Amino acid sequence: MGEGLNHIQGKEFDEPLIISGKIEAEPERYVAEKPYDLTRYEYSIVKKKYQADFWLNIISGGTAGLFISVAGKIITALLDKQKPILEVWEIIAVIIGIVLAFVIKIFLKSDDDKEKDKLIGIIDDHFSKNKPRRLHLTNGEEK
C-alpha cells in the first residue's frame with residue numbers, strides 16, 4: 001500500500017489488513033463483522049414487548065400469590081403439629097394457574113408476536129452465518 005492512501009473502499013479482505021504508517025481513524029465495523037441493517041420498521045417490531053407477556057405476568061403473579069398462601073397454610077399447620085387441611089379449590093386453582101401460564105407462554109401469540117419472532121430469527125440467522133472475525137487493527141498491530 002502506498003503512502004498517502006487515506007481510504008480503502010469497495011474491497012473485501014480475507015486476511016488481516018496491515019497498514020504501515022500512521023492510522024488516523026479506526027477501521028469501520030464491517031471490516032471485521034458484516035452488519036445487519038435494521039430498518040426503522042424492524043426496530044419498532046423488535047422493540048415491542050410481547051402482548052402475551054401482560055397476561056402471563058398477571059396469571060403467574062396470581063398463581064404465585066395463591067401458592068404462597070397455600071404454602072403458608074401448610075407451614076402454619078405443621079408448626080402447630082397439626083395435619084394441614086387444604087381446600088380442593090386451592091389445589092385446583094394452583095394447577096389451573098400453572099397450566100394457563102404455560103399455555104399463554106407457549107401457544108398464545110398475536111400476529112405482532114409472530115412477526116417479532118420471525119424477525120428475531122432472521123437477525124439471529126444473519127449473525128450465525130456471518131461470524132465476527134474478532135480482529136481489531138490499531139497502528140498496524142493485530143490486537
# chains A, B, ... in the order shown; residues from 1 in each chain; ligands from 1
$ residues_around --residues "Ile92 (chain A)" --least-positions-apart "6" --cutoff "12 Å" --atoms "only C-alpha atoms" --output "VMD selection string"
chain A and resid 63 66 to 67 70 86 98 to 100
$ write_last_selection --atoms "C-alpha atoms" --output "PDB file, in the first residue's frame"
ATOM      1  CA  THR A  63     -50.775 -18.229  40.893  1.00  0.00           C
ATOM      2  CA  LEU A  66     -52.057 -18.360  45.846  1.00  0.00           C
ATOM      3  CA  PHE A  67     -49.193 -20.847  46.085  1.00  0.00           C
ATOM      4  CA  VAL A  70     -51.268 -22.372  50.486  1.00  0.00           C
ATOM      5  CA  LEU A  86     -56.298 -27.825  52.104  1.00  0.00           C
ATOM      6  CA  ILE A  98     -49.660 -23.179  36.141  1.00  0.00           C
ATOM      7  CA  VAL A  99     -51.354 -24.706  33.084  1.00  0.00           C
ATOM      8  CA  LEU A 100     -52.730 -21.319  31.950  1.00  0.00           C
TER       9      LEU A 100
END
$ select_by_dssp --residues "region 99-131 of chain A" --states "helix (DSSP H, G or I)" --output "mmCIF file with N, CA and C atoms, in the first residue's frame"
data_model
loop_
_atom_site.group_PDB
_atom_site.id
_atom_site.type_symbol
_atom_site.label_atom_id
_atom_site.label_comp_id
_atom_site.auth_asym_id
_atom_site.auth_seq_id
_atom_site.Cartn_x
_atom_site.Cartn_y
_atom_site.Cartn_z
ATOM 1 N N VAL A 99 -51.026 -24.292 34.452
ATOM 2 C CA VAL A 99 -51.354 -24.706 33.084
ATOM 3 C C VAL A 99 -51.649 -23.486 32.202
ATOM 4 N N LEU A 100 -52.420 -22.532 32.722
ATOM 5 C CA LEU A 100 -52.730 -21.319 31.950
ATOM 6 C C LEU A 100 -51.467 -20.538 31.606
ATOM 7 N N ALA A 101 -50.567 -20.392 32.571
ATOM 8 C CA ALA A 101 -49.316 -19.668 32.314
ATOM 9 C C ALA A 101 -48.517 -20.369 31.215
ATOM 10 N N PHE A 102 -48.463 -21.697 31.267
ATOM 11 C CA PHE A 102 -47.746 -22.464 30.247
ATOM 12 C C PHE A 102 -48.388 -22.269 28.877
ATOM 13 N N VAL A 103 -49.711 -22.358 28.814
ATOM 14 C CA VAL A 103 -50.425 -22.203 27.541
ATOM 15 C C VAL A 103 -50.206 -20.805 26.972
ATOM 16 N N ILE A 104 -50.286 -19.786 27.816
ATOM 17 C CA ILE A 104 -50.082 -18.406 27.356
ATOM 18 C C ILE A 104 -48.666 -18.225 26.820
ATOM 19 N N LYS A 105 -47.686 -18.735 27.538
ATOM 20 C CA LYS A 105 -46.289 -18.552 27.141
ATOM 21 C C LYS A 105 -45.956 -19.278 25.840
ATOM 22 N N ILE A 106 -46.490 -20.465 25.663
ATOM 23 C CA ILE A 106 -46.116 -21.279 24.514
ATOM 24 C C ILE A 106 -47.034 -21.081 23.306
ATOM 25 N N ASP A 111 -50.395 -11.765 16.079
ATOM 26 C CA ASP A 111 -49.691 -11.632 14.799
ATOM 27 C C ASP A 111 -48.410 -10.819 14.968
ATOM 28 N N ASP A 112 -48.459 -9.789 15.834
ATOM 29 C CA ASP A 112 -47.254 -8.988 16.097
ATOM 30 C C ASP A 112 -46.172 -9.824 16.767
ATOM 31 N N ASP A 113 -46.588 -10.687 17.701
ATOM 32 C CA ASP A 113 -45.625 -11.552 18.385
ATOM 33 C C ASP A 113 -44.975 -12.520 17.398
ATOM 34 N N LYS A 114 -45.778 -13.064 16.499
ATOM 35 C CA LYS A 114 -45.242 -13.984 15.485
ATOM 36 C C LYS A 114 -44.288 -13.254 14.549
ATOM 37 N N GLU A 115 -44.635 -12.018 14.176
ATOM 38 C CA GLU A 115 -43.759 -11.226 13.302
ATOM 39 C C GLU A 115 -42.446 -10.902 14.010
ATOM 40 N N LYS A 116 -42.529 -10.599 15.311
ATOM 41 C CA LYS A 116 -41.318 -10.318 16.087
ATOM 42 C C LYS A 116 -40.429 -11.561 16.153
ATOM 43 N N ASP A 117 -41.028 -12.732 16.421
ATOM 44 C CA ASP A 117 -40.252 -13.972 16.463
ATOM 45 C C ASP A 117 -39.583 -14.244 15.122
ATOM 46 N N LYS A 118 -40.307 -14.004 14.021
ATOM 47 C CA LYS A 118 -39.764 -14.230 12.681
ATOM 48 C C LYS A 118 -38.575 -13.297 12.421
ATOM 49 N N LEU A 119 -38.731 -12.015 12.767
ATOM 50 C CA LEU A 119 -37.660 -11.035 12.550
ATOM 51 C C LEU A 119 -36.435 -11.362 13.408
ATOM 52 N N ILE A 120 -36.651 -11.726 14.651
ATOM 53 C CA ILE A 120 -35.529 -12.092 15.523
ATOM 54 C C ILE A 120 -34.816 -13.322 14.966
ATOM 55 N N GLY A 121 -35.588 -14.262 14.414
ATOM 56 C CA GLY A 121 -34.985 -15.435 13.779
ATOM 57 C C GLY A 121 -34.108 -15.056 12.593
ATOM 58 N N ILE A 122 -34.577 -14.103 11.788
ATOM 59 C CA ILE A 122 -33.800 -13.642 10.631
ATOM 60 C C ILE A 122 -32.499 -12.979 11.093
ATOM 61 N N ILE A 123 -32.587 -12.156 12.122
ATOM 62 C CA ILE A 123 -31.390 -11.480 12.638
ATOM 63 C C ILE A 123 -30.421 -12.495 13.233
ATOM 64 N N ASP A 124 -30.937 -13.447 14.017
ATOM 65 C CA ASP A 124 -30.074 -14.499 14.582
ATOM 66 C C ASP A 124 -29.389 -15.294 13.476
ATOM 67 N N ASP A 125 -30.145 -15.619 12.421
ATOM 68 C CA ASP A 125 -29.598 -16.372 11.294
ATOM 69 C C ASP A 125 -28.476 -15.580 10.614
ATOM 70 N N HIS A 126 -28.693 -14.268 10.448
ATOM 71 C CA HIS A 126 -27.662 -13.417 9.837
ATOM 72 C C HIS A 126 -26.355 -13.496 10.626
ATOM 73 N N PHE A 127 -26.444 -13.349 11.959
ATOM 74 C CA PHE A 127 -25.218 -13.322 12.760
ATOM 75 C C PHE A 127 -24.616 -14.708 12.965
ATOM 76 N N SER A 128 -25.416 -15.762 12.822
ATOM 77 C CA SER A 128 -24.819 -17.095 12.905
ATOM 78 C C SER A 128 -24.078 -17.439 11.613
ATOM 79 N N LYS A 129 -24.538 -16.903 10.487
ATOM 80 C CA LYS A 129 -23.864 -17.146 9.203
ATOM 81 C C LYS A 129 -22.695 -16.199 8.985
#
$ atom_distance --atom1 "CA of Ser110 (chain A)" --atom2 "CA of Arg40 (chain A)"
20.9 Å
$ atom_distance --atom1 "CA of Pro84 (chain A)" --atom2 "CA of Ile68 (chain A)"
14.4 Å
$ atom_distance --atom1 "CA of Ala93 (chain A)" --atom2 "CA of Ile58 (chain A)"
14.1 Å
